[in-house]
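Below is one structure, written out as C-alpha cells; the observations come after it.
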Amino acid sequence: MNEPGAESARVFRFAPSPNGFLHLGHAYSALFNRKLARACGATLLVRIEDIDPERSSRLHEDALIEDLDWLGFAWSGTPRRQSEHMAAYRAALENLADRGLVYPCFCSRGEIAKSCSARADWLRDPDGAFLYPATCRELTGAQSKARIEEGARFSWRLEMAKALRDIGAPLSYREFHESDSNRIVAAEPSVWGDALIGRRDMPASYHLACVLDDHAQGVTDVVRGADLEPATGLHRMLQALLGLRSPSYHHHRLVLDDEGRKLSKSKSSPSLRDLRRQGFSAADIRAELSRRMQIEL
Ligand code: GLU
C-alpha cells in the first residue's frame with residue numbers, strides 16, 4: 001500500500017512508436033495503463049518513441065495523438081518526443097564509453113546476418129536477431145579510431161561480459177517483482193549479448209533511450225506488453241550502470257488475433273482509425289477489449 005499523499009507521485013506512461021497506425025493492441029496497453037494509473041491517482045504521460053528516423057513519421061505521430069485523444073486516454077502535459085533529446089542520449093553513451101563499457105561496431109546488419117546464418121546453431125536475441133559475434137570487440141582502440149577517421153559508419157555496443165563484471169551494483173537488478181502479482185521474474189541481460197546501445201544515425205537505441213526517458217519523465221510504473229519482458233533485463237542493467245532508479249514493471253497480456261497471433265502494425269490488423277471509420281465508438285473499443293481480455297477497462 002502507498003502512504004497517503006505518496007499516491008499522486010506515481011507516474012505511468014504509454015510510449016508508442018510512430019511507425020504505423022495504432023491498433024487494438026495499443027488501445028489495450030493505453031487503456032490498461034489508464035486503469036492502473038487511475039486506481040492510484042497517478043499521472044499518465046505519453047512519449048513518442050521516434051528514435052528510428054527511417055520508420056517514424058509525423059503523419060503517424062499526429063494520427064496516434066488524435067487516436068489516443070479519441071480513445072479518452074487523457075494524458076498530462078505535452079508528449080515527449082525522443083528525437084528532441086539527443087544531447088542527453090549522447091552524454092549517457094559518453095559516460096559508458098569513458099568507462100570502457102561500450103565499443104564501436106562497424107558491422108552492418110546484413111554482414112552480421114551473413115556470417116551468423118552460415119552457422120546452424122547460432123543463438124538469437126529475444127527479438128530474433130542473431131547475437132552479435134563480437135567481431136569489432138577485438139579491434140584495438142587505435143584500429144577503431146583509424147576507421148572512424150576514415151569516415152566508416154559505426155554503432156555502439158555494450159560489452160556485456162565486462163558490464164556484468166564491472167557493474168558495481170547489487171545483483172538485485174537481475175530480477176524484479178512483477179507489480180500486481182507475486183511473480184519474481186528473472187531479468188537476465190546477457191540474453192542480448194553485446195547489445196546495440198547507440199545506432200549508426202542516433203546516439204541511442206530503443207533500449208538506452210527508453211531507460212533515459214523513463215528516468216527523465218519521472219516514470220515510477222512501466223506497464224507494457226509481455227513481448228517486452230525480456231527487454232526489462234537489459235533496461236534494469238542500464239539503470240544500474242547509469243545510477244538510475246528502476247521503476248516497477250508490469251507486463252500485460254497481448255491482444256491476439258483470431259489465429260492467436262500478436263497484432264501488428266505491419267500485418268493487416270485493423271487500425272483504430274479503420275474501426276472508427278466503420279462506425280465503432282471509443283466506448284465500443286473499450287467494451288470489446290474488456291470482453292476479450294476479461295478485465296474491466
Ligand atoms: N515504443 C515501444 C512500442 O511501441 C514501446 C516501448 C515501451 O513501452 O517501453 O512497442
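Each chain of the C-alpha cells is named A, B, ... in the order shown, its residues numbered from 1; ligands are numbered from 1 in display order.
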Using DSSP on the backbone, list every residue of stretch 126-219 of chain A that comes out as alpha helix (DSSP H), and give them as number ranges by chain.
A: 141-149, 160-166, 206-216
Selection to disk with N, CA and C atoms, as a PDB file, in the first residue's frame:
ATOM      1  N   GLY A 141      41.895   0.050 -29.760  1.00  0.00           N
ATOM      2  CA  GLY A 141      41.423   1.432 -29.764  1.00  0.00           C
ATOM      3  C   GLY A 141      41.969   2.172 -30.991  1.00  0.00           C
ATOM      4  N   ALA A 142      43.236   1.911 -31.326  1.00  0.00           N
ATOM      5  CA  ALA A 142      43.860   2.617 -32.453  1.00  0.00           C
ATOM      6  C   ALA A 142      43.197   2.207 -33.771  1.00  0.00           C
ATOM      7  N   GLN A 143      42.878   0.915 -33.898  1.00  0.00           N
ATOM      8  CA  GLN A 143      42.236   0.438 -35.139  1.00  0.00           C
ATOM      9  C   GLN A 143      40.851   1.081 -35.310  1.00  0.00           C
ATOM     10  N   SER A 144      40.090   1.107 -34.200  1.00  0.00           N
ATOM     11  CA  SER A 144      38.751   1.714 -34.280  1.00  0.00           C
ATOM     12  C   SER A 144      38.868   3.194 -34.639  1.00  0.00           C
ATOM     13  N   LYS A 145      39.811   3.861 -33.985  1.00  0.00           N
ATOM     14  CA  LYS A 145      39.982   5.302 -34.209  1.00  0.00           C
ATOM     15  C   LYS A 145      40.301   5.572 -35.679  1.00  0.00           C
ATOM     16  N   ALA A 146      41.187   4.728 -36.224  1.00  0.00           N
ATOM     17  CA  ALA A 146      41.584   4.924 -37.625  1.00  0.00           C
ATOM     18  C   ALA A 146      40.365   4.750 -38.539  1.00  0.00           C
ATOM     19  N   ARG A 147      39.545   3.757 -38.262  1.00  0.00           N
ATOM     20  CA  ARG A 147      38.366   3.535 -39.116  1.00  0.00           C
ATOM     21  C   ARG A 147      37.383   4.694 -38.997  1.00  0.00           C
ATOM     22  N   ILE A 148      37.238   5.221 -37.790  1.00  0.00           N
ATOM     23  CA  ILE A 148      36.317   6.356 -37.600  1.00  0.00           C
ATOM     24  C   ILE A 148      36.851   7.576 -38.365  1.00  0.00           C
ATOM     25  N   GLU A 149      38.185   7.760 -38.296  1.00  0.00           N
ATOM     26  CA  GLU A 149      38.774   8.914 -39.010  1.00  0.00           C
ATOM     27  C   GLU A 149      38.649   8.763 -40.525  1.00  0.00           C
ATOM     28  N   MET A 160      28.952  -6.805 -22.968  1.00  0.00           N
ATOM     29  CA  MET A 160      28.102  -7.414 -21.932  1.00  0.00           C
ATOM     30  C   MET A 160      28.907  -8.065 -20.810  1.00  0.00           C
ATOM     31  N   ALA A 161      29.921  -8.869 -21.176  1.00  0.00           N
ATOM     32  CA  ALA A 161      30.657  -9.595 -20.127  1.00  0.00           C
ATOM     33  C   ALA A 161      31.316  -8.596 -19.177  1.00  0.00           C
ATOM     34  N   LYS A 162      31.869  -7.538 -19.762  1.00  0.00           N
ATOM     35  CA  LYS A 162      32.544  -6.533 -18.951  1.00  0.00           C
ATOM     36  C   LYS A 162      31.533  -5.775 -18.083  1.00  0.00           C
ATOM     37  N   ALA A 163      30.390  -5.451 -18.679  1.00  0.00           N
ATOM     38  CA  ALA A 163      29.362  -4.720 -17.923  1.00  0.00           C
ATOM     39  C   ALA A 163      28.875  -5.581 -16.756  1.00  0.00           C
ATOM     40  N   LEU A 164      28.712  -6.885 -17.000  1.00  0.00           N
ATOM     41  CA  LEU A 164      28.250  -7.775 -15.919  1.00  0.00           C
ATOM     42  C   LEU A 164      29.284  -7.823 -14.794  1.00  0.00           C
ATOM     43  N   ARG A 165      30.564  -7.804 -15.194  1.00  0.00           N
ATOM     44  CA  ARG A 165      31.657  -7.874 -14.206  1.00  0.00           C
ATOM     45  C   ARG A 165      31.811  -6.570 -13.441  1.00  0.00           C
ATOM     46  N   ASP A 166      31.730  -5.466 -14.185  1.00  0.00           N
ATOM     47  CA  ASP A 166      32.109  -4.165 -13.604  1.00  0.00           C
ATOM     48  C   ASP A 166      30.936  -3.401 -13.031  1.00  0.00           C
ATOM     49  N   TYR A 206      16.693   1.906 -28.975  1.00  0.00           N
ATOM     50  CA  TYR A 206      15.453   1.905 -28.178  1.00  0.00           C
ATOM     51  C   TYR A 206      15.773   1.698 -26.703  1.00  0.00           C
ATOM     52  N   HIS A 207      16.657   0.724 -26.407  1.00  0.00           N
ATOM     53  CA  HIS A 207      16.897   0.361 -25.006  1.00  0.00           C
ATOM     54  C   HIS A 207      17.452   1.541 -24.200  1.00  0.00           C
ATOM     55  N   LEU A 208      18.460   2.195 -24.735  1.00  0.00           N
ATOM     56  CA  LEU A 208      19.077   3.295 -23.982  1.00  0.00           C
ATOM     57  C   LEU A 208      18.114   4.480 -23.871  1.00  0.00           C
ATOM     58  N   ALA A 209      17.469   4.825 -24.990  1.00  0.00           N
ATOM     59  CA  ALA A 209      16.569   5.980 -24.981  1.00  0.00           C
ATOM     60  C   ALA A 209      15.407   5.749 -24.011  1.00  0.00           C
ATOM     61  N   CYS A 210      14.887   4.531 -24.006  1.00  0.00           N
ATOM     62  CA  CYS A 210      13.738   4.205 -23.157  1.00  0.00           C
ATOM     63  C   CYS A 210      14.101   4.388 -21.671  1.00  0.00           C
ATOM     64  N   VAL A 211      15.256   3.865 -21.305  1.00  0.00           N
ATOM     65  CA  VAL A 211      15.691   3.951 -19.904  1.00  0.00           C
ATOM     66  C   VAL A 211      15.927   5.419 -19.497  1.00  0.00           C
ATOM     67  N   LEU A 212      16.565   6.178 -20.377  1.00  0.00           N
ATOM     68  CA  LEU A 212      16.852   7.579 -20.041  1.00  0.00           C
ATOM     69  C   LEU A 212      15.570   8.400 -19.985  1.00  0.00           C
ATOM     70  N   ASP A 213      14.639   8.108 -20.884  1.00  0.00           N
ATOM     71  CA  ASP A 213      13.386   8.871 -20.890  1.00  0.00           C
ATOM     72  C   ASP A 213      12.490   8.502 -19.723  1.00  0.00           C
ATOM     73  N   ASP A 214      12.446   7.220 -19.368  1.00  0.00           N
ATOM     74  CA  ASP A 214      11.648   6.850 -18.199  1.00  0.00           C
ATOM     75  C   ASP A 214      12.173   7.622 -16.983  1.00  0.00           C
ATOM     76  N   HIS A 215      13.480   7.746 -16.900  1.00  0.00           N
ATOM     77  CA  HIS A 215      14.082   8.493 -15.787  1.00  0.00           C
ATOM     78  C   HIS A 215      13.718   9.985 -15.893  1.00  0.00           C
ATOM     79  N   ALA A 216      13.927  10.547 -17.097  1.00  0.00           N
ATOM     80  CA  ALA A 216      13.691  11.994 -17.275  1.00  0.00           C
ATOM     81  C   ALA A 216      12.226  12.352 -17.028  1.00  0.00           C
TER      82      ALA A 216
END
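Summary of the local environment: counting only C-alpha atoms, residues at most 9 Å from stretch 249-259 of chain A, other than itself and those fewer than 4 positions away along its chain, are Leu24, Gly25, His26, Tyr28, Ser29, Phe32, Phe176, His177, Glu178, Ser179, Asp180, Ser181, Thr220, Asp221, Val222, Val223, Arg224, Gly225, Ala226, Asp227, Leu228, Glu229, Thr232, Leu263, Ser269, Leu289, Arg292 and Met293 of chain A.
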Min atom-atom distance to A:Arg286 from the set A:Phe154, A:Phe73, A:Tyr89, A:Phe106, counting only C-alpha atoms, belongs to A:Phe73
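Inspection of the environment of ligand 1, which uses only C-alpha atoms and all ligand atoms and a cut-off of 6 Å, identifies the neighbouring residues as Ala15, Pro16, Ser17, Glu49 and Arg224 of chain A.
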Looking only at strand (DSSP E) from DSSP on the backbone, list the matching residues of stretch 63-148 of chain A as a ChimeraX atom specification.
/A:80-81,102-105
Could you please take those selected residues and save C-alpha atoms as a compact mmCIF listing (two decimals), in the first residue's frame?
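The resulting file, out17.txt, is reproduced below:
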# COMPACT_ATOMS: atom_id res chain seq x y z
CA ARG A 80 7.90 13.89 -25.01
CA ARG A 81 9.49 13.27 -28.40
CA VAL A 102 30.86 0.16 -24.97
CA TYR A 103 32.79 -0.23 -28.20
CA PRO A 104 32.24 0.99 -31.76
CA CYS A 105 30.90 -1.65 -34.15
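Between A:Trp192 and the residues A:Ser155, A:Gly128, A:Ala283, A:Ala204, the shortest atom-to-atom distance, using only C-alpha atoms, involves A:Gly128.
Closest approach to A:Glu138 among A:Ile112, A:Glu159, A:Ile184, A:Arg119 is made by A:Glu159 (distances from only C-alpha atoms).
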Tell me which protein, DNA and RNA residues are within 6 Å of A:Ser83, counting only C-alpha atoms, leaving out same-chain ones fewer than 2 positions away, and put them as an MDAnalysis selection string.
chainID A and resid 50:51 81 85
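Distances here use only C-alpha atoms; by that measure, the residue among A:Ser246, A:Ser190, A:Ser205, A:Gln278 closest to A:Pro126 is A:Ser190.
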Need the shell around A:Ile285: protein/DNA/RNA residues with any atom at most 10 Å away, counting only C-alpha atoms. Skip same-chain ones fewer than 3 positions apart. Format as a count of residues only?
14
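Closest approach to A:Asp194 from the set A:Leu234, A:Leu45, A:Leu242, A:Ala134 is made by A:Ala134, with distances taken over only C-alpha atoms.
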